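**Q** File name run-v1.cif; file contents mmCIF, C-alpha atoms and all ligand atoms; full text below.
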data_model
loop_
_atom_site.label_atom_id
_atom_site.label_comp_id
_atom_site.auth_asym_id
_atom_site.auth_seq_id
_atom_site.Cartn_x
_atom_site.Cartn_y
_atom_site.Cartn_z
CA MET A 163 0.00 0.00 0.00
CA LYS A 164 1.25 3.54 -0.75
CA ILE A 165 0.21 7.01 0.39
CA THR A 166 -1.16 8.93 -2.58
CA LYS A 167 -2.63 12.18 -1.22
CA LEU A 168 -3.00 14.35 1.89
CA THR A 169 -5.83 16.87 2.12
CA THR A 170 -6.49 19.28 4.98
CA TYR A 171 -9.90 20.73 5.86
CA ARG A 172 -10.17 23.66 8.25
CA LEU A 173 -13.60 23.42 9.87
CA PRO A 174 -15.94 25.15 12.31
CA PRO A 175 -15.67 25.66 15.18
CA ARG A 176 -11.81 25.89 15.15
CA TRP A 177 -10.62 22.46 14.05
CA MET A 178 -8.73 20.94 11.17
CA PHE A 179 -9.10 17.43 9.74
CA LEU A 180 -6.53 15.64 7.61
CA LYS A 181 -7.48 12.96 5.07
CA ILE A 182 -4.71 10.60 3.92
CA GLU A 183 -5.54 8.55 0.84
CA THR A 184 -3.80 5.36 -0.36
CA ASP A 185 -3.50 3.46 -3.65
CA GLU A 186 -5.67 0.67 -2.20
CA GLY A 187 -8.62 2.99 -1.52
CA ILE A 188 -8.24 2.91 2.28
CA VAL A 189 -8.53 6.40 3.77
CA GLY A 190 -7.29 7.56 7.17
CA TRP A 191 -8.40 10.65 9.11
CA GLY A 192 -6.40 12.76 11.55
CA GLU A 193 -6.95 16.03 13.40
CA PRO A 194 -3.73 18.14 13.28
CA VAL A 195 -4.46 21.51 14.83
CA ILE A 196 -3.29 24.06 17.35
CA GLU A 197 -6.31 26.10 18.38
CA GLY A 198 -5.77 29.59 16.95
CA ARG A 199 -2.92 28.53 14.65
CA ALA A 200 -4.79 26.19 12.26
CA ARG A 201 -3.28 27.77 9.13
CA THR A 202 0.25 27.48 10.53
CA VAL A 203 -0.20 23.79 11.31
CA GLU A 204 -1.79 23.34 7.87
CA THR A 205 1.40 24.65 6.27
CA ALA A 206 3.46 22.25 8.37
CA VAL A 207 1.25 19.32 7.32
CA VAL A 208 1.55 20.27 3.64
CA GLU A 209 5.35 20.50 3.95
CA MET A 210 5.63 17.19 5.79
CA GLY A 211 3.10 15.59 3.44
CA GLU A 212 5.32 16.12 0.40
CA SER A 213 7.77 13.57 1.83
CA LEU A 214 5.01 11.00 2.50
CA ILE A 215 3.68 10.55 -1.04
CA GLY A 216 4.58 7.03 -2.25
CA GLN A 217 5.51 5.83 1.26
CA ASP A 218 4.09 2.70 2.91
CA PRO A 219 1.51 3.94 5.50
CA SER A 220 2.01 0.81 7.62
CA ARG A 221 5.49 2.02 8.66
CA ILE A 222 4.08 4.35 11.30
CA ASN A 223 7.13 4.22 13.58
CA ASP A 224 9.60 5.02 10.78
CA ILE A 225 7.39 7.82 9.43
CA TRP A 226 7.03 9.27 12.94
CA GLN A 227 10.77 9.15 13.65
CA THR A 228 11.63 10.59 10.24
CA LEU A 229 9.13 13.45 10.49
CA TYR A 230 10.42 14.20 14.01
CA ARG A 231 14.18 13.93 13.39
CA SER A 232 14.87 14.60 9.71
CA ASN A 233 14.51 18.40 9.67
CA PHE A 234 17.03 19.19 12.43
CA TYR A 235 14.64 21.48 14.31
CA ARG A 236 11.98 19.57 16.23
CA GLY A 237 9.26 19.66 18.86
CA GLY A 238 6.95 22.49 19.82
CA PRO A 239 3.22 22.96 19.22
CA ILE A 240 3.19 23.45 15.45
CA LEU A 241 5.42 20.60 14.27
CA MET A 242 4.17 18.14 16.90
CA SER A 243 0.53 18.90 16.04
CA ALA A 244 1.25 18.29 12.36
CA ILE A 245 2.94 14.99 13.21
CA ALA A 246 0.04 14.16 15.56
CA GLY A 247 -2.60 14.45 12.85
CA ILE A 248 -0.55 12.46 10.34
CA ASP A 249 0.07 9.78 12.99
CA GLN A 250 -3.64 9.52 13.85
CA ALA A 251 -4.51 9.05 10.18
CA LEU A 252 -1.83 6.37 9.72
CA TRP A 253 -3.18 4.39 12.70
CA ASP A 254 -6.67 4.78 11.21
CA ILE A 255 -5.42 3.32 7.92
CA LYS A 256 -3.59 0.46 9.65
CA GLY A 257 -6.63 -0.51 11.71
CA LYS A 258 -8.91 -0.32 8.66
CA ALA A 259 -6.49 -2.42 6.57
CA LEU A 260 -6.40 -5.12 9.29
CA GLY A 261 -10.09 -4.77 10.22
CA VAL A 262 -9.47 -4.05 13.90
CA PRO A 263 -9.77 -1.06 16.28
CA VAL A 264 -6.45 0.69 16.92
CA TYR A 265 -6.46 -0.35 20.60
CA GLN A 266 -6.25 -4.00 19.47
CA LEU A 267 -2.97 -3.15 17.73
CA LEU A 268 -1.71 -1.64 21.03
CA GLY A 269 -2.30 -4.75 23.13
CA GLY A 270 -6.07 -4.73 23.59
CA LEU A 271 -8.48 -3.31 26.14
CA VAL A 272 -7.40 -2.62 29.70
CA ARG A 273 -10.97 -1.43 30.52
CA ASP A 274 -14.41 -1.64 28.94
CA LYS A 275 -15.48 1.99 29.30
CA MET A 276 -13.74 5.31 29.91
CA LYS A 277 -14.94 7.99 32.35
CA THR A 278 -15.24 11.47 30.84
CA TYR A 279 -15.87 14.93 32.23
CA SER A 280 -17.75 17.93 30.90
CA TRP A 281 -16.76 21.57 30.79
CA VAL A 282 -18.93 24.17 32.52
CA GLY A 283 -18.73 27.93 32.91
CA GLY A 284 -16.98 29.30 29.86
CA ASP A 285 -14.05 31.70 29.67
CA ARG A 286 -15.37 33.74 32.57
CA PRO A 287 -16.91 31.10 34.89
CA SER A 288 -20.63 31.77 35.40
CA ASP A 289 -23.89 29.81 35.86
CA ILE A 290 -21.72 26.93 37.06
CA VAL A 291 -24.22 25.20 39.34
CA GLU A 292 -27.07 25.39 36.82
CA GLN A 293 -24.87 23.93 34.08
CA MET A 294 -23.67 21.17 36.40
CA LYS A 295 -27.27 20.29 37.33
CA LYS A 296 -28.24 20.00 33.65
CA LEU A 297 -25.29 17.66 32.99
CA MET A 298 -25.94 15.66 36.15
CA ALA A 299 -29.42 14.99 34.78
CA VAL A 300 -27.81 13.14 31.84
CA GLY A 301 -25.40 11.19 34.00
CA PHE A 302 -22.28 13.32 34.47
CA ASP A 303 -20.78 13.73 37.92
CA THR A 304 -17.36 15.15 37.00
CA PHE A 305 -16.71 18.58 35.52
CA LYS A 306 -14.01 21.09 34.70
CA MET A 307 -14.12 24.86 34.69
CA ASN A 308 -11.79 27.81 34.49
CA GLY A 309 -10.65 28.56 38.03
CA CYS A 310 -10.51 32.31 37.55
CA GLU A 311 -10.58 35.18 35.06
CA GLU A 312 -7.58 37.47 34.59
CA MET A 313 -5.32 37.32 37.66
CA GLY A 314 -2.56 39.85 38.32
CA ILE A 315 0.98 38.56 38.85
CA VAL A 316 0.36 39.63 42.41
CA ASP A 317 -3.33 40.23 43.02
CA SER A 318 -5.60 41.42 45.81
CA ALA A 319 -7.45 39.56 48.54
CA ARG A 320 -10.59 40.79 46.77
CA ALA A 321 -9.58 38.96 43.57
CA VAL A 322 -8.88 35.78 45.54
CA ASP A 323 -12.17 36.10 47.44
CA THR A 324 -14.08 36.44 44.16
CA VAL A 325 -12.70 33.05 43.07
CA VAL A 326 -13.32 31.46 46.47
CA LYS A 327 -16.92 32.68 46.56
CA LYS A 328 -17.67 31.19 43.14
CA ILE A 329 -16.14 27.81 43.99
CA GLY A 330 -17.79 27.81 47.42
CA GLU A 331 -21.21 28.18 45.79
CA ILE A 332 -20.67 24.85 44.02
CA ARG A 333 -20.07 22.92 47.22
CA ASP A 334 -22.89 24.82 48.98
CA ALA A 335 -25.32 23.78 46.25
CA LEU A 336 -24.10 20.30 45.35
CA GLY A 337 -21.98 19.09 48.29
CA ASN A 338 -19.75 16.14 47.41
CA SER A 339 -22.25 14.72 44.89
CA ILE A 340 -19.95 15.92 42.12
CA ASP A 341 -16.26 16.40 41.46
CA PHE A 342 -14.62 19.19 39.51
CA GLY A 343 -11.22 20.16 38.22
CA LEU A 344 -10.17 23.81 38.26
CA ASP A 345 -8.26 24.91 35.19
CA PHE A 346 -6.05 27.87 36.03
CA HIS A 347 -5.42 27.93 32.28
CA GLY A 348 -2.01 29.51 32.79
CA ARG A 349 -3.71 32.69 34.02
CA VAL A 350 -2.10 32.47 37.46
CA SER A 351 1.54 33.42 38.10
CA ALA A 352 4.03 31.52 40.25
CA PRO A 353 3.74 34.08 43.10
CA MET A 354 -0.07 33.94 43.03
CA ALA A 355 -0.65 30.20 42.57
CA PRO A 356 0.08 29.15 46.20
CA VAL A 357 -2.00 32.05 47.51
CA LEU A 358 -5.01 30.99 45.45
CA ILE A 359 -4.58 27.25 45.94
CA LYS A 360 -4.39 27.65 49.73
CA GLU A 361 -7.83 29.31 49.79
CA LEU A 362 -9.30 26.60 47.54
CA GLU A 363 -8.15 23.65 49.68
CA PRO A 364 -11.43 23.50 51.69
CA PHE A 365 -13.44 22.90 48.49
CA ARG A 366 -11.38 19.83 47.55
CA PRO A 367 -11.25 20.24 43.77
CA LEU A 368 -10.30 17.01 42.01
CA PHE A 369 -7.23 18.73 40.56
CA ILE A 370 -5.77 22.12 39.73
CA GLU A 371 -4.84 22.24 36.04
CA GLU A 372 -1.96 24.32 34.73
CA PRO A 373 -1.53 26.00 38.13
CA VAL A 374 1.28 27.92 36.45
CA LEU A 375 2.28 28.16 32.80
CA ALA A 376 4.02 25.12 31.28
CA GLU A 377 7.19 27.22 30.98
CA GLN A 378 7.12 27.49 34.81
CA ALA A 379 6.89 23.70 35.31
CA GLU A 380 9.77 23.81 37.78
CA TYR A 381 7.21 25.17 40.27
CA TYR A 382 5.12 21.99 40.22
CA PRO A 383 7.15 20.18 42.95
CA ARG A 384 7.13 23.31 45.15
CA LEU A 385 3.40 23.74 44.74
CA ALA A 386 2.82 20.04 45.37
CA GLU A 387 4.64 20.32 48.70
CA ARG A 388 2.28 23.12 49.75
CA THR A 389 -1.08 21.63 48.78
CA PHE A 390 -3.08 18.41 49.04
CA ILE A 391 -4.85 19.17 45.75
CA PRO A 392 -3.45 17.06 42.87
CA ILE A 393 -1.66 19.10 40.20
CA ALA A 394 -2.49 18.40 36.54
CA ALA A 395 -0.80 19.63 33.37
CA GLY A 396 0.28 18.60 29.91
CA GLU A 397 -1.72 20.34 27.18
CA ARG A 398 1.19 22.64 26.42
CA MET A 399 3.93 20.02 26.45
CA PHE A 400 4.59 18.31 23.17
CA SER A 401 6.83 15.25 23.39
CA ARG A 402 8.29 12.59 25.71
CA PHE A 403 11.40 14.74 25.88
CA GLU A 404 9.46 17.53 27.61
CA PHE A 405 7.41 15.26 29.83
CA LYS A 406 10.44 13.28 31.06
CA ARG A 407 11.84 16.29 32.92
CA VAL A 408 8.48 17.09 34.51
CA PHE A 409 8.00 13.47 35.60
CA ALA A 410 11.52 13.22 37.01
CA GLN A 411 11.28 16.49 39.01
CA GLY A 412 8.01 15.37 40.66
CA GLY A 413 4.94 17.38 41.63
CA LEU A 414 2.65 16.28 38.82
CA SER A 415 -0.20 13.93 39.82
CA ILE A 416 -2.15 13.95 36.56
CA VAL A 417 -0.66 14.24 33.07
CA GLN A 418 -2.78 15.67 30.27
CA PRO A 419 -1.09 15.25 26.89
CA ASP A 420 -3.17 16.40 23.93
CA LEU A 421 -3.42 13.67 21.25
CA SER A 422 -3.54 16.37 18.54
CA HIS A 423 -0.58 18.38 19.90
CA ALA A 424 1.86 15.84 21.41
CA GLY A 425 2.79 13.74 18.39
CA GLY A 426 -0.36 11.63 18.17
CA ILE A 427 -1.10 8.07 19.29
CA THR A 428 2.48 6.82 18.76
CA GLU A 429 3.90 9.46 21.13
CA CYS A 430 1.09 9.71 23.66
CA VAL A 431 0.93 5.98 24.34
CA LYS A 432 4.64 6.25 25.27
CA ILE A 433 3.98 9.31 27.46
CA ALA A 434 1.18 7.38 29.18
CA SER A 435 3.53 4.50 29.86
CA MET A 436 6.26 6.80 31.19
CA ALA A 437 3.68 8.41 33.49
CA GLU A 438 2.60 5.02 34.80
CA ALA A 439 6.19 4.32 35.88
CA TYR A 440 5.92 7.43 38.13
CA ASP A 441 2.42 6.47 39.34
CA ILE A 442 1.03 9.54 37.55
CA ALA A 443 -2.57 9.39 36.32
CA LEU A 444 -3.42 9.99 32.67
CA ALA A 445 -6.22 12.37 31.65
CA PRO A 446 -5.73 13.33 27.99
CA HIS A 447 -6.57 16.92 27.06
CA CYS A 448 -9.20 17.15 24.33
CA PRO A 449 -11.17 20.36 23.68
CA LEU A 450 -11.24 19.37 20.01
CA GLY A 451 -13.18 17.26 17.53
CA PRO A 452 -14.15 13.62 17.00
CA ILE A 453 -10.87 12.35 15.54
CA ALA A 454 -8.88 13.81 18.42
CA LEU A 455 -11.36 12.35 20.94
CA ALA A 456 -11.25 8.91 19.31
CA SER A 457 -7.44 9.02 19.34
CA CYS A 458 -7.50 9.87 23.06
CA LEU A 459 -9.87 6.99 23.77
CA HIS A 460 -7.65 4.44 22.01
CA VAL A 461 -4.79 5.48 24.30
CA ASP A 462 -7.13 5.45 27.32
CA PHE A 463 -8.30 1.94 26.50
CA VAL A 464 -4.77 0.55 26.63
CA SER A 465 -3.44 2.64 29.56
CA ARG A 466 -4.29 1.37 33.06
CA ASN A 467 -3.38 4.78 34.54
CA ALA A 468 -6.01 6.57 32.43
CA VAL A 469 -8.54 8.03 34.87
CA LEU A 470 -10.48 10.78 33.09
CA GLN A 471 -11.04 11.86 29.50
CA GLU A 472 -11.84 15.42 28.45
CA GLN A 473 -14.43 15.77 25.70
CA SER A 474 -15.66 18.98 24.12
CA MET A 475 -19.39 18.43 23.71
CA GLY A 476 -21.06 21.64 24.84
CA ILE A 477 -17.74 23.36 25.57
CA HIS A 478 -17.83 27.14 25.19
CA TYR A 479 -15.25 27.04 22.38
CA ASN A 480 -17.55 25.02 20.10
CA GLN A 481 -19.44 27.93 18.59
CA GLY A 482 -20.73 26.86 15.15
CA GLY A 483 -19.65 23.25 15.27
CA GLU A 484 -19.96 20.20 17.52
CA VAL A 485 -18.16 16.85 17.84
CA ASN A 486 -20.91 14.78 16.21
CA ASP A 487 -21.54 17.19 13.32
CA TYR A 488 -18.91 15.42 11.23
CA VAL A 489 -19.58 11.84 12.37
CA ARG A 490 -21.93 9.35 10.72
CA ASN A 491 -21.83 6.74 13.53
CA LYS A 492 -22.85 9.25 16.22
CA ASP A 493 -23.45 6.57 18.83
CA VAL A 494 -19.69 5.95 18.99
CA PHE A 495 -19.52 8.78 21.54
CA LYS A 496 -22.74 7.89 23.36
CA PHE A 497 -22.41 8.53 27.11
CA ASP A 498 -23.30 5.90 29.68
CA LYS A 499 -23.37 7.79 33.00
CA GLY A 500 -20.55 9.97 31.68
CA HIS A 501 -18.59 6.99 30.34
CA ILE A 502 -17.82 6.10 26.71
CA HIS A 503 -17.62 2.41 25.81
CA ALA A 504 -14.82 1.01 23.67
CA MET A 505 -15.31 1.65 19.98
CA THR A 506 -15.81 -1.50 17.90
CA GLY A 507 -15.19 -0.21 14.36
CA PRO A 508 -11.86 -0.65 12.53
CA GLY A 509 -9.13 1.96 12.81
CA LEU A 510 -10.07 4.94 15.01
CA GLY A 511 -13.69 3.74 14.84
CA VAL A 512 -15.13 7.09 13.74
CA ASP A 513 -16.97 7.20 10.41
CA ILE A 514 -16.26 10.73 9.14
CA ASP A 515 -19.04 12.25 7.00
CA GLU A 516 -16.93 13.56 4.12
CA GLU A 517 -19.82 15.45 2.51
CA VAL A 518 -20.32 17.50 5.68
CA VAL A 519 -16.56 18.04 5.95
CA LEU A 520 -16.38 19.33 2.36
CA GLU A 521 -19.44 21.53 2.82
CA ARG A 522 -18.38 23.03 6.15
CA SER A 523 -14.76 23.55 5.05
CA ARG A 524 -15.89 26.05 2.39
CA ASN A 525 -16.22 28.86 4.90
CA ALA A 526 -14.19 27.75 7.86
CA PRO A 527 -13.71 30.47 10.49
CA ASP A 528 -10.20 31.65 11.20
CA TRP A 529 -10.53 31.28 14.96
CA HIS A 530 -8.12 33.01 17.31
CA ASN A 531 -8.40 33.28 21.05
CA PRO A 532 -9.23 36.70 22.50
CA VAL A 533 -6.39 38.91 23.72
CA TRP A 534 -7.09 39.87 27.32
CA ARG A 535 -5.59 42.88 29.04
CA HIS A 536 -5.19 43.82 32.70
CA PRO A 537 -6.76 47.06 33.94
CA ASP A 538 -3.42 48.81 33.44
CA GLY A 539 -3.37 47.76 29.78
CA ALA A 540 -0.71 45.04 30.08
CA VAL A 541 -1.51 41.87 28.15
CA ALA A 542 -3.06 39.19 30.38
CA GLU A 543 -2.89 35.40 30.06
CA TRP A 544 -6.18 34.27 28.50
O1 LIG B 1 -9.52 22.18 27.55
C1 LIG B 1 -8.65 22.72 28.28
O2 LIG B 1 -8.16 22.20 29.31
C2 LIG B 1 -8.15 24.05 27.91
O3 LIG B 1 -7.30 24.59 28.61
C3 LIG B 1 -8.65 24.70 26.67
C4 LIG B 1 -7.51 25.28 25.88
O4 LIG B 1 -6.60 24.26 25.56
C5 LIG B 1 -8.05 25.91 24.60
O5 LIG B 1 -8.46 24.89 23.71
C6 LIG B 1 -6.99 26.77 23.97
O6 LIG B 1 -7.50 27.40 22.81
MG MG B 2 -6.60 23.34 30.19
#
Give the structure from the file, written as structure tokens.
**A**
Amino acid sequence: MKITKLTTYRLPPRWMFLKIETDEGIVGWGEPVIEGRARTVETAVVEMGESLIGQDPSRINDIWQTLYRSNFYRGGPILMSAIAGIDQALWDIKGKALGVPVYQLLGGLVRDKMKTYSWVGGDRPSDIVEQMKKLMAVGFDTFKMNGCEEMGIVDSARAVDTVVKKIGEIRDALGNSIDFGLDFHGRVSAPMAPVLIKELEPFRPLFIEEPVLAEQAEYYPRLAERTFIPIAAGERMFSRFEFKRVFAQGGLSIVQPDLSHAGGITECVKIASMAEAYDIALAPHCPLGPIALASCLHVDFVSRNAVLQEQSMGIHYNQGGEVNDYVRNKDVFKFDKGHIHAMTGPGLGVDIDEEVVLERSRNAPDWHNPVWRHPDGAVAEW
């Protein structure tokens, strides 16, 4: 079998799909994208794709290593997202050619269903309890929300109390009937993180995500010594070579690689295994579309340390497009009390509706995240 064509489709709400065609008619789908830099990743995919035409798609490991190592410069969000989408599509092709789900090619199921969580609250957390109640009614009991809005490098007791009040309202209304992760989203500085985390201890969040920016990862062990709340991170780390330092230094309890940013299934299954050696839980990051989610689930289904899966249905970013819009077999992501059961179809197990992809790609939005500013005009972390 040989690769004959790569085609990218930028799509609402802010995603990009990659179709890889072969000379035997088997097609694989991937989702290479960095939210807000879709066109940049698209250029990287086109450049990398030129070297793939005529190659044997079954040689996933050699293609991965060559794409990673052959251009001297390596790593980072753009190149690793391009490799991720290509890798996902190659695993899809391999599974389809052999007639088995990708997880079968990775050693088979370690569990029958995977627990997921739902986002609530949006960019500026609001209506949290009401949104949680609606999702509880359809079986969810675990959620994630932004922990705060803009936060100064050093901020006031008033700013901290605003966060504490909002989180306190959740426990007042729902007690311990639910669990929630707080995503600091990189908005909180190293000086401010311990101050804020200390005040949030009484509410026992399931984890604090990106308590500081990924480039401040050396603070994770120090923060971990000062709090009982598990620290989670990973969406802005892009290869084993980044994660190894964070694992070795300690402090991380939950690792959240993004299957569409960190080199795809080939890389993330290795990251998951490295994490297991440090007794770190796996909770893949996935605010994206159906191919990314399916790729996460295949890694979840072969990783014993997988504990929670992010999925983007109803997330505030999905304006103008939803996970199932592009999927024919929509029941593949059916929730059973917040869990998704193992896919049974070959490859990634998601039947992409190519007509909808073609139609919706005609006027894809050029999504970029908002640029926030502090009251004094300085740019703020979004
Ligand atoms: O889902 C999460 O945990 C996020 O932090 C969302 C963030 O990754 C946005 O997708 C960036 O545009
Ligand atoms: Mg996050």
**Q** Around ligand MG 2 (chain B), which protein and nucleic acid residues have at least one atom no more than 8 Å from it, if we count all atoms listed in the file? List them as JSON, numbers by chain.
**A** {"A": [345, 346, 347, 371, 372, 395, 397, 447]}
**Q** Counting all atoms listed in the file, which residue out of A:Trp544, A:Asp462, A:Ile188, A:Ser243 sits closest to A:Gly261?
**A**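 Of the candidates, the smallest distance to A:Gly261 is held by A:Ile188.
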**Q** What is the atom CA of A:Asn467-atom CA of A:Gly269 distance in Å, reported with one decimal?
**A**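 Here the two named atoms are 14.9 Å from each other.
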**Q** How many Å lie between atom CA of A:Val374 and atom CA of A:Ser415, rounded to one decimal?
**A**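 So the answer is 14.5 Å.
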**Q** At a cut-off of 9 Å around ligand LIG 1 (chain B), and using all atoms listed in the file, what residues come up? Please write them as a ChimeraX atom specification.
**A** /A:176,196-198,281,306-308,345-348,371-372,395,397-398,418,420,447-450,472-474,477,479,530-531,544
**Q** Find the residues near A:Met163: any atom within 9 Å, counting only C-alpha atoms, skip ones fewer than 5 places away on the same chain, and give them as a PDB file with C-alpha atoms, keeping the file's coordinate frame.
**A**
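What follows is the written file result-v9.pdb:
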ATOM      1  CA  THR A 184      -3.800   5.360  -0.360  1.00  0.00           C
ATOM      2  CA  ASP A 185      -3.500   3.460  -3.650  1.00  0.00           C
ATOM      3  CA  GLU A 186      -5.670   0.670  -2.200  1.00  0.00           C
ATOM      4  CA  GLY A 216       4.580   7.030  -2.250  1.00  0.00           C
ATOM      5  CA  GLN A 217       5.510   5.830   1.260  1.00  0.00           C
ATOM      6  CA  ASP A 218       4.090   2.700   2.910  1.00  0.00           C
ATOM      7  CA  PRO A 219       1.510   3.940   5.500  1.00  0.00           C
ATOM      8  CA  SER A 220       2.010   0.810   7.620  1.00  0.00           C
TER       9      SER A 220
END
**Q** Which residue, A:Ala386, A:Met178, A:Val195, A:Ile391, has the smallest gap to A:Gln411 when you use only C-alpha atoms?
**A**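 For A:Gln411, the nearest of the given residues is A:Ala386.
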**Q** Excluding stretch 255-257 of chain A and residues on its chain fewer than 6 positions from it, collect all residues at most 10 Å away from it, counting all atoms listed in the file, and give them as a list of chain:residue names.
**A**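 Everything that qualifies: A:Ile182, A:Glu183, A:Thr184, A:Gly187, A:Ile188, A:Val189, A:Gly190, A:Trp191, A:Pro219, A:Ser220, A:Arg221, A:Ile222, A:Asp249, A:Pro263, A:Val264, A:Tyr265, A:Gln266, A:Leu267, A:Gly507, A:Pro508, A:Gly509, A:Leu510, A:Gly511.
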**Q** Suppose you want the space between atom CA of A:Thr202 and atom CA of A:Ile240; what is it in Å?
**A**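 Rounded to one decimal, the two atoms are 7.0 Å apart.
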**Q** For stretch 278-387 of chain A versus stretch 536-540 of chain A, which residues have an atom no more than 12 Å away, and what is each residue's nearest atom pair and distance in Å rounded to one decimal, using all atoms listed in the file, chain-then-number order, as JSON lines?
**A**
{"residue": "A:Glu311", "atom": "CA", "partner": "A:His536", "partner_atom": "CA", "distance": 10.5}
{"residue": "A:Glu312", "atom": "CA", "partner": "A:His536", "partner_atom": "CA", "distance": 7.0}
{"residue": "A:Met313", "atom": "CA", "partner": "A:His536", "partner_atom": "CA", "distance": 8.2}
{"residue": "A:Gly314", "atom": "CA", "partner": "A:His536", "partner_atom": "CA", "distance": 7.4}
{"residue": "A:Ile315", "atom": "CA", "partner": "A:His536", "partner_atom": "CA", "distance": 10.2}
{"residue": "A:Val316", "atom": "CA", "partner": "A:His536", "partner_atom": "CA", "distance": 11.9}
{"residue": "A:Asp317", "atom": "CA", "partner": "A:His536", "partner_atom": "CA", "distance": 11.1}
{"residue": "A:Arg349", "atom": "CA", "partner": "A:His536", "partner_atom": "CA", "distance": 11.3}
**Q** Considering only C-alpha atoms, return as number ranges by chain whatever protein or nucleic-acid residues lie within 10 Å of A:Gln471, sequence-local ones (same chain, fewer than 3 positions apart) excluded.
**A** A: 276-280, 418, 444-448, 455, 458-459, 462, 468, 500-502
**Q** With all atoms listed in the file as the atoms that count, which of A:Ala443, A:Val357, A:Leu368, A:Val203 lies nearest to A:Gly396?
**A**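 Nearest to A:Gly396: A:Ala443.
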**Q** Using all atoms listed in the file, collect all residues at a distance of at most 10 Å from (-15.8, 20.5, 3.3) as written in the file, then present them as a list in words.
**A**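 It turns out the residues near that spot are Thr170, Tyr171, Arg172, Leu173, Phe179, Tyr488, Asp515, Glu516, Glu517, Val518, Val519, Leu520, Glu521, Arg522, Ser523, Arg524, Asn525 and Ala526 of chain A.
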**Q** The residues within 7 Å of (-6.8, 17.1, 16.9), using only C-alpha atoms and the coordinates of the file, should be reported as a list in words; which are they?
**A**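 Every residue inside that radius is included here: Gly192, Glu193, Pro194, Val195, Gly247, Leu421, Ser422, Leu450, Gly451, Ile453 and Ala454 of chain A.
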**Q** Taking all atoms listed in the file into account, name the residue in A:Phe400, A:Ala244, A:Glu543, A:Gly476 that is nearest to A:Ser351.
**A**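 Under the stated criterion, the closest residue is A:Glu543.
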**Q** Find the residue from A:Pro356, A:Gly425, A:Gly343, A:Pro452 that sits nearest to A:Leu229; use only C-alpha atoms when measuring.
**A**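 Closest residue, counting only C-alpha atoms: A:Gly425.
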